Structure formats: C-alpha cells, structure tokens
Amino acid sequence: MKRRYLVSLMEKAQFNKEFFDTTLNTFDQLVQKNALDNLLDIVSAYEKGEIEFFDAGKKVELIAEQTNLHPFCVYTVYFAFMAEVLRKRYIEKGYPLDMWLNFVKDFQYQATDSNTVHGVWGQYCAPLWQSRYFNYTIFGFGTLQFEIRKFGGYYKEGNLEIKEDTPVLFAHVPNTGKPLKYENVLESYKKAEKFFTDNYLSELNGKVIFVLRSWVMSKKFASILKPTSNMLVMANDYDVFKYGEYADKDADTIWRIFGKELKEGEKLSDLPENTSLQRGVKDLLLRGEQIGWGWGVYKPHVEKYK
Ligand SMILES: CC(C)(COP(=O)(O)OP(=O)(O)OC[C@H]1O[C@@H](n2cnc3c(N)ncnc32)[C@H](O)[C@@H]1OP(=O)(O)O)[C@@H](O)C(=O)NCCC(=O)NCCS
C-alpha cells in the first residue's frame with residue numbers, strides 16, 4: 001500500500017524515469033533492510049509534534065547511513081511521505097491543492113540539479129530547502145516559487161521604501177526543464193499576488209512586493225540574448241537597482257548553464273556551445289568577465305506603492 005502511494009505520487013508529479021526508478025529502488029531497499037517502518041515512524045512523530053523538523057532530518061540521515069543508501073535518495077522517499085502531512089495542513093488552511101502539488105514537483109527540479117552536480121537523483125539541499133515549505137515561507141505557483149524573506153538591501157522610489165529588514169517575496173525560478181514562457185510567468189504572479197494578499201498580508205507588513213535576485217537578471221545578457229528571450233522579457237518587468245558578482249565566481253551558475261560543473265583543471269574552451277546563452281557566456285568567461293547577478297523590484301509593485 002505504501003509502495004502504491006509512492007508510485008501514484010510520483011506519477012502525479014510526473015517524475016522522469018531516472019528519478020522515478022531511483023526513488024522506487026530506494027523504497028524497495030528500505031523495505032528489504034527493514035528500515036521503512038523506522039522512516040515512517042519519523043514522519044508520524046513529526047506529524048504529532050513529537051520531534052522538530054531538523055531533528056527528524058538527522059534521524060533520516062542516520063537511517064541512510066545504517067542502510068548504506070544515499071541520503072539524497074532516502075530524503076526523497078521521506079519527503080514523499082512527509083508530503084501527506086503537508087497536504088493535510090494545506091487542506092486545513094484552505095490553501096489550493098495545486099500549490100501543494102508544486103511542493104512534490106519540486107522534488108524533480110531539485111533532483112535534476114542534484115544529478116547535474118552530484119550524479120545522484122535525489123534531494124541534495126534537504127532538509128533545509130523543504131523546511132521552507134513546512135514553515136510556510138516558500139510556496140510554489142507553477143513556473144515560479146516565492147519565498148517570504150527580509151529584503152536585505154535598500155530600495156527607494158517615491159513613497160516606496162524597502163529597507164534591509166522589510167519582508168518581501170523573493171521569486172525563484174526552479175529548474176522545471178521547460179522554457180520560462182511569459183504567459184506562465186504572468187499566471188504565477190497572478191496566483192501568488194492573490195494568495196499572499198489573502199493569507200500573508202500582515203507578515204508582509206501590508207504590502208505584496210516581488211523581488212528577483214538571480215543570475216537570470218545579469219546585465220550581460222542584453223548583448224548575448226535576443227530581445228525576445230524569455231529571461232530578458234521577464235527581467236524587463238523588474239526595476240533593477242543593483243548588479244553584482246558572485247563570490248564563487250559564477251561556479252553555481254556555470255553548471256546551470258552548461259549542464260556540468262567546471263572542475264579544477266578543466267578548460268573553459270571545452271564548455272559546450274549548444275545554445276546562444278552557452279555561446280555568449282562562454283565567450284565572456286573566456287574574456288575573463290563574470291556573469292554575476294541582477295537584483296530588481298517588480299515594476300507593477302513599484303508603480304502601485306511609490
Ligand atoms: C530560466 C530558464 C527556464 C530560462 O530558459 P528559457 O526560457 O529557454 O530562456 P530564454 O528564452 O531566455 O533562452 C535564450 C537562449 O538561452 C538558452 N538557455 C536558456 N537557459 C539555458 C540554460 N539553463 N542552459 C543552456 N541554455 C539555456 C535557450 O535555449 C535559448 O537558446 P537559443 O537562443 O539558442 O534558442 C532556464 O535557464 C532554466 O531552467 N534554468 C534553471 C533554473 C535556474 O537557473 N533558475 C535560477 C536560479 S536563481
């Protein structure tokens with residue numbers, strides 16, 4: 001029955017074959033090694049409030065160690081069952097269940113990145129990443145996710161002043177494997193605006209303000225990508241008030257663009273050139289430049305509050 005639950009959840013969230021098989025295989029091994037009940041006991045202890053989220057995570061990692069299974073994969077099975085806890089909570093709170101499904105779909109987005117960086121189809125940022133869903137600071141709205149977080153910078157336009165500790169909504173672009181179609185982006189904004197207005201307005205000091213800080217907003221892309229590029233179209237809706245460079249010299253961006261990490265000793269000239277982004281970025285890296293990031297405030301919100 002538990003196996004059937006897992007299979008139907010993975011089908012519902014449309015995991016790809018590699019991730020599906022890896023997760024099911026991890027489940028079967030947990031059963032074989034008599035560890036599944038221990039894992040489910042953790043879920044039930046968390047649900048009853050007998051254990052804290054991160055202490056539960058430590059116990060999950062212990063099971064991975066004892067069974068000699070990869071913790072990223074054990075975490076997928078664990079969060080597949082934790083998903084039921086979150087689903088019940090969303091129902092209690094009256095949150096739309098398609099938002100809950102975004103939590104489960106996110107396992108795939110995380111696993112795709114995990115496979116790129118670690119060669120493992122699992123949850124490489126667990127349990128920190130998922131904790132944000134369980135403490136209601138991050139929510140998925142299809143193409144985009146939004147996280148309630150302190151701004152961490154300073155922005156002023158007319159009467160709109162966003163200070164370091166002002167709570168705002170940071171947009172995240174998950175790796176869905178699909179292009180960032182503008183109509184889907186607009187749909188996410190619409191859903192998020194309504195959801196946060198209805199449910200989190202006091203936590204947001206009465207203002208729903210989207211911000212985006214990402215490599216996707218790099219100023220370098222204006223000369224690399226076509227003006228119709230989805231990233232440029234999205235960036236155009238933000239009043240970018242700051243550009244900067246990453247301390248890791250784009251290491252975390254390079255694997256997102258080239259599908260692999262640039263390891264010590266590997267040459268930039270070996271990076272693939274399959275897309276205009278890859279060609280343009282490779283060229284600028286070879287010139288010794290960095291991609292960096294851009295940080296902007298969503299223009300319709302600036303207009304609304306300024
Ligand atoms: C954000 C994302 C969906 C944009 O993809 P998109 O909709 O194709 O974007 P654009 O239309 O602007 O793409 C312009 C060009 O760059 C290419 N491109 C875009 N993202 C790419 C990526 N991650 N790797 C390689 N090429 C990419 C496109 O294929 C297109 O190439 P073409 O001109 O040769 O046809 C995509 O980059 C992605 O999924 N990234 C992973 C998630 C991520 O990094 N999020 C931000 C974390 S802070």
# chains A, B, ... in the order shown; residues from 1 in each chain; ligands from 1

call {"tool": "residues_near_ligand", "arguments": {"ligand": "ligand 1", "cutoff": "9 Å", "atoms": "only C-alpha atoms and all ligand atoms", "output": "number ranges by chain"}}
result
A: 109, 113, 143, 171-182, 212-216, 221, 224-234, 253-259, 273-279, 293

call {"tool": "residues_around", "arguments": {"residues": "stretch 160-168 of chain A", "least_positions_apart": "6", "cutoff": "10 Å", "atoms": "only C-alpha atoms", "output": "ChimeraX atom specification"}}
result
/A:146-154,203-211,297,301-306

call {"tool": "closest_residue", "arguments": {"among": "A:Met99, A:Ala222, A:Gly94, A:Lys2", "to": "A:Asp198", "atoms": "only C-alpha atoms"}}
result
A:Gly94

call {"tool": "select_by_dssp", "arguments": {"residues": "stretch 227-302 of chain A", "states": "alpha helix (DSSP H)", "output": "VMD selection string"}}
result
chain A and resid 230 to 235 251 to 258 276 to 286 299 to 302

call {"tool": "residues_around", "arguments": {"residues": "A:Ala83", "least_positions_apart": "2", "cutoff": "9 Å", "atoms": "only C-alpha atoms", "output": "mmCIF file with C-alpha atoms, in the first residue's frame"}}
result
data_model
loop_
_atom_site.group_PDB
_atom_site.id
_atom_site.type_symbol
_atom_site.label_atom_id
_atom_site.label_comp_id
_atom_site.auth_asym_id
_atom_site.auth_seq_id
_atom_site.Cartn_x
_atom_site.Cartn_y
_atom_site.Cartn_z
ATOM 1 C CA TYR A 78 10.981 10.515 3.354
ATOM 2 C CA PHE A 79 9.583 13.731 1.853
ATOM 3 C CA ALA A 80 7.217 11.749 -0.352
ATOM 4 C CA PHE A 81 5.568 10.603 2.890
ATOM 5 C CA VAL A 85 1.470 15.742 6.254
ATOM 6 C CA LEU A 86 1.804 18.948 4.267
ATOM 7 C CA ARG A 87 -1.249 18.092 2.148
ATOM 8 C CA LYS A 88 -3.407 17.739 5.274
ATOM 9 C CA TRP A 100 0.749 21.505 -2.664
ATOM 10 C CA LEU A 101 1.462 19.563 -5.865
ATOM 11 C CA PHE A 103 5.903 21.028 -3.463
ATOM 12 C CA VAL A 104 6.023 17.463 -4.810
#

call {"tool": "atom_distance", "arguments": {"atom1": "atom CA of A:Tyr124", "atom2": "atom CA of A:Tyr75"}}
result
8.7 Å

call {"tool": "closest_residue", "arguments": {"among": "A:Glu187, A:Glu52, A:Tyr243, A:Leu169", "to": "A:Leu201", "atoms": "only C-alpha atoms"}}
result
A:Leu169

call {"tool": "decode", "arguments": {"residues": "stretch 129-250 of chain A", "atoms": "C-alpha atoms", "output": "PDB file, in the first residue's frame"}}
result
ATOM      1  CA  TRP A 129      15.107  23.564   1.281  1.00  0.00           C
ATOM      2  CA  GLN A 130      11.978  21.603   2.219  1.00  0.00           C
ATOM      3  CA  SER A 131      11.881  23.216   5.694  1.00  0.00           C
ATOM      4  CA  ARG A 132      10.763  26.408   3.940  1.00  0.00           C
ATOM      5  CA  TYR A 133       7.604  24.663   2.740  1.00  0.00           C
ATOM      6  CA  PHE A 134       6.894  23.283   6.195  1.00  0.00           C
ATOM      7  CA  ASN A 135       7.397  26.624   7.930  1.00  0.00           C
ATOM      8  CA  TYR A 136       5.301  28.377   5.256  1.00  0.00           C
ATOM      9  CA  THR A 137       7.993  30.708   3.967  1.00  0.00           C
ATOM     10  CA  ILE A 138       8.082  29.287   0.436  1.00  0.00           C
ATOM     11  CA  PHE A 139       5.224  28.401  -1.883  1.00  0.00           C
ATOM     12  CA  GLY A 140       5.090  27.156  -5.457  1.00  0.00           C
ATOM     13  CA  PHE A 141       2.905  28.698  -8.148  1.00  0.00           C
ATOM     14  CA  GLY A 142       3.729  26.683 -11.251  1.00  0.00           C
ATOM     15  CA  THR A 143       6.603  28.294 -13.128  1.00  0.00           C
ATOM     16  CA  LEU A 144       7.742  30.373 -10.157  1.00  0.00           C
ATOM     17  CA  GLN A 145       8.141  29.938  -6.435  1.00  0.00           C
ATOM     18  CA  PHE A 146       8.001  32.776  -3.925  1.00  0.00           C
ATOM     19  CA  GLU A 147       9.796  32.987  -0.617  1.00  0.00           C
ATOM     20  CA  ILE A 148       8.944  35.378   2.207  1.00  0.00           C
ATOM     21  CA  ARG A 149      12.258  36.820   3.304  1.00  0.00           C
ATOM     22  CA  LYS A 150      13.765  40.056   4.604  1.00  0.00           C
ATOM     23  CA  PHE A 151      14.843  42.256   1.702  1.00  0.00           C
ATOM     24  CA  GLY A 152      18.488  42.527   2.790  1.00  0.00           C
ATOM     25  CA  GLY A 153      19.139  45.686   0.751  1.00  0.00           C
ATOM     26  CA  TYR A 154      17.817  49.189   0.267  1.00  0.00           C
ATOM     27  CA  TYR A 155      15.442  50.477  -2.404  1.00  0.00           C
ATOM     28  CA  LYS A 156      13.561  53.740  -2.647  1.00  0.00           C
ATOM     29  CA  GLU A 157      11.237  55.053  -5.324  1.00  0.00           C
ATOM     30  CA  GLY A 158       8.808  57.826  -4.384  1.00  0.00           C
ATOM     31  CA  ASN A 159       6.879  56.750  -1.326  1.00  0.00           C
ATOM     32  CA  LEU A 160       8.032  53.171  -1.623  1.00  0.00           C
ATOM     33  CA  GLU A 161      10.925  52.461   0.698  1.00  0.00           C
ATOM     34  CA  ILE A 162      12.131  48.894   1.112  1.00  0.00           C
ATOM     35  CA  LYS A 163      14.603  48.524   3.936  1.00  0.00           C
ATOM     36  CA  GLU A 164      17.028  45.803   4.939  1.00  0.00           C
ATOM     37  CA  ASP A 165      14.501  44.120   7.236  1.00  0.00           C
ATOM     38  CA  THR A 166      11.341  44.715   5.165  1.00  0.00           C
ATOM     39  CA  PRO A 167       9.665  41.383   4.413  1.00  0.00           C
ATOM     40  CA  VAL A 168       9.266  40.882   0.653  1.00  0.00           C
ATOM     41  CA  LEU A 169       8.638  37.993  -1.735  1.00  0.00           C
ATOM     42  CA  PHE A 170      11.743  36.658  -3.447  1.00  0.00           C
ATOM     43  CA  ALA A 171      10.875  34.947  -6.732  1.00  0.00           C
ATOM     44  CA  HIS A 172      12.685  31.711  -7.540  1.00  0.00           C
ATOM     45  CA  VAL A 173      12.880  30.178 -10.999  1.00  0.00           C
ATOM     46  CA  PRO A 174      13.007  26.420 -10.453  1.00  0.00           C
ATOM     47  CA  ASN A 175      14.570  24.102 -12.994  1.00  0.00           C
ATOM     48  CA  THR A 176      11.328  22.768 -14.456  1.00  0.00           C
ATOM     49  CA  GLY A 177      13.074  21.696 -17.653  1.00  0.00           C
ATOM     50  CA  LYS A 178      10.687  23.916 -19.604  1.00  0.00           C
ATOM     51  CA  PRO A 179      11.145  27.391 -21.133  1.00  0.00           C
ATOM     52  CA  LEU A 180      10.144  30.328 -18.998  1.00  0.00           C
ATOM     53  CA  LYS A 181       7.067  31.265 -21.042  1.00  0.00           C
ATOM     54  CA  TYR A 182       5.871  34.769 -20.255  1.00  0.00           C
ATOM     55  CA  GLU A 183       2.204  33.759 -20.070  1.00  0.00           C
ATOM     56  CA  ASN A 184       3.109  31.185 -17.379  1.00  0.00           C
ATOM     57  CA  VAL A 185       5.196  33.752 -15.513  1.00  0.00           C
ATOM     58  CA  LEU A 186       2.238  36.151 -15.504  1.00  0.00           C
ATOM     59  CA  GLU A 187      -0.037  33.357 -14.301  1.00  0.00           C
ATOM     60  CA  SER A 188       2.352  32.664 -11.390  1.00  0.00           C
ATOM     61  CA  TYR A 189       2.399  36.364 -10.448  1.00  0.00           C
ATOM     62  CA  LYS A 190      -1.379  36.472 -10.501  1.00  0.00           C
ATOM     63  CA  LYS A 191      -1.788  33.393  -8.310  1.00  0.00           C
ATOM     64  CA  ALA A 192       0.950  34.496  -5.903  1.00  0.00           C
ATOM     65  CA  GLU A 193      -0.429  38.026  -5.587  1.00  0.00           C
ATOM     66  CA  LYS A 194      -3.852  36.693  -4.623  1.00  0.00           C
ATOM     67  CA  PHE A 195      -2.526  34.005  -2.305  1.00  0.00           C
ATOM     68  CA  PHE A 196      -0.218  36.303  -0.330  1.00  0.00           C
ATOM     69  CA  THR A 197      -2.815  39.087  -0.196  1.00  0.00           C
ATOM     70  CA  ASP A 198      -5.392  36.653   1.179  1.00  0.00           C
ATOM     71  CA  ASN A 199      -3.126  34.825   3.616  1.00  0.00           C
ATOM     72  CA  TYR A 200       0.134  36.617   4.459  1.00  0.00           C
ATOM     73  CA  LEU A 201      -0.510  40.332   4.259  1.00  0.00           C
ATOM     74  CA  SER A 202       0.273  41.019   7.917  1.00  0.00           C
ATOM     75  CA  GLU A 203       3.545  39.023   7.713  1.00  0.00           C
ATOM     76  CA  LEU A 204       4.375  41.218   4.693  1.00  0.00           C
ATOM     77  CA  ASN A 205       3.671  44.476   6.550  1.00  0.00           C
ATOM     78  CA  GLY A 206       0.632  45.059   4.354  1.00  0.00           C
ATOM     79  CA  LYS A 207       2.469  45.086   1.002  1.00  0.00           C
ATOM     80  CA  VAL A 208       2.932  42.314  -1.543  1.00  0.00           C
ATOM     81  CA  ILE A 209       6.245  43.132  -3.245  1.00  0.00           C
ATOM     82  CA  PHE A 210       8.002  40.718  -5.610  1.00  0.00           C
ATOM     83  CA  VAL A 211      11.756  40.914  -5.948  1.00  0.00           C
ATOM     84  CA  LEU A 212      14.141  38.871  -8.032  1.00  0.00           C
ATOM     85  CA  ARG A 213      17.827  38.446  -7.421  1.00  0.00           C
ATOM     86  CA  SER A 214      19.425  35.987  -9.769  1.00  0.00           C
ATOM     87  CA  TRP A 215      21.949  35.245 -12.496  1.00  0.00           C
ATOM     88  CA  VAL A 216      18.903  35.237 -14.785  1.00  0.00           C
ATOM     89  CA  MET A 217      18.903  39.042 -14.364  1.00  0.00           C
ATOM     90  CA  SER A 218      22.568  39.530 -15.288  1.00  0.00           C
ATOM     91  CA  LYS A 219      23.190  42.764 -17.198  1.00  0.00           C
ATOM     92  CA  LYS A 220      25.458  40.843 -19.563  1.00  0.00           C
ATOM     93  CA  PHE A 221      22.523  39.093 -21.225  1.00  0.00           C
ATOM     94  CA  ALA A 222      21.312  42.220 -23.032  1.00  0.00           C
ATOM     95  CA  SER A 223      24.152  41.812 -25.512  1.00  0.00           C
ATOM     96  CA  ILE A 224      24.089  37.996 -25.607  1.00  0.00           C
ATOM     97  CA  LEU A 225      20.419  37.072 -25.950  1.00  0.00           C
ATOM     98  CA  LYS A 226      17.736  38.054 -28.429  1.00  0.00           C
ATOM     99  CA  PRO A 227      15.378  40.751 -27.056  1.00  0.00           C
ATOM    100  CA  THR A 228      12.579  38.170 -27.291  1.00  0.00           C
ATOM    101  CA  SER A 229      14.437  35.777 -24.947  1.00  0.00           C
ATOM    102  CA  ASN A 230      12.250  34.653 -22.045  1.00  0.00           C
ATOM    103  CA  MET A 231      14.842  35.719 -19.495  1.00  0.00           C
ATOM    104  CA  LEU A 232      15.123  39.232 -20.929  1.00  0.00           C
ATOM    105  CA  VAL A 233      11.352  39.564 -21.195  1.00  0.00           C
ATOM    106  CA  MET A 234      10.997  38.558 -17.544  1.00  0.00           C
ATOM    107  CA  ALA A 235      13.849  40.829 -16.411  1.00  0.00           C
ATOM    108  CA  ASN A 236      12.227  43.743 -18.211  1.00  0.00           C
ATOM    109  CA  ASP A 237       9.409  43.721 -15.643  1.00  0.00           C
ATOM    110  CA  TYR A 238      11.871  44.497 -12.836  1.00  0.00           C
ATOM    111  CA  ASP A 239      13.406  47.783 -11.811  1.00  0.00           C
ATOM    112  CA  VAL A 240      16.958  46.500 -11.415  1.00  0.00           C
ATOM    113  CA  PHE A 241      18.628  48.638  -8.755  1.00  0.00           C
ATOM    114  CA  LYS A 242      21.772  46.626  -8.238  1.00  0.00           C
ATOM    115  CA  TYR A 243      24.148  44.386 -10.167  1.00  0.00           C
ATOM    116  CA  GLY A 244      26.902  42.348  -8.613  1.00  0.00           C
ATOM    117  CA  GLU A 245      29.236  39.401  -8.867  1.00  0.00           C
ATOM    118  CA  TYR A 246      29.121  36.100  -7.006  1.00  0.00           C
ATOM    119  CA  ALA A 247      31.829  35.211  -4.500  1.00  0.00           C
ATOM    120  CA  ASP A 248      32.106  31.763  -6.133  1.00  0.00           C
ATOM    121  CA  LYS A 249      32.957  33.435  -9.478  1.00  0.00           C
ATOM    122  CA  ASP A 250      29.791  32.026 -11.105  1.00  0.00           C
TER     123      ASP A 250
END
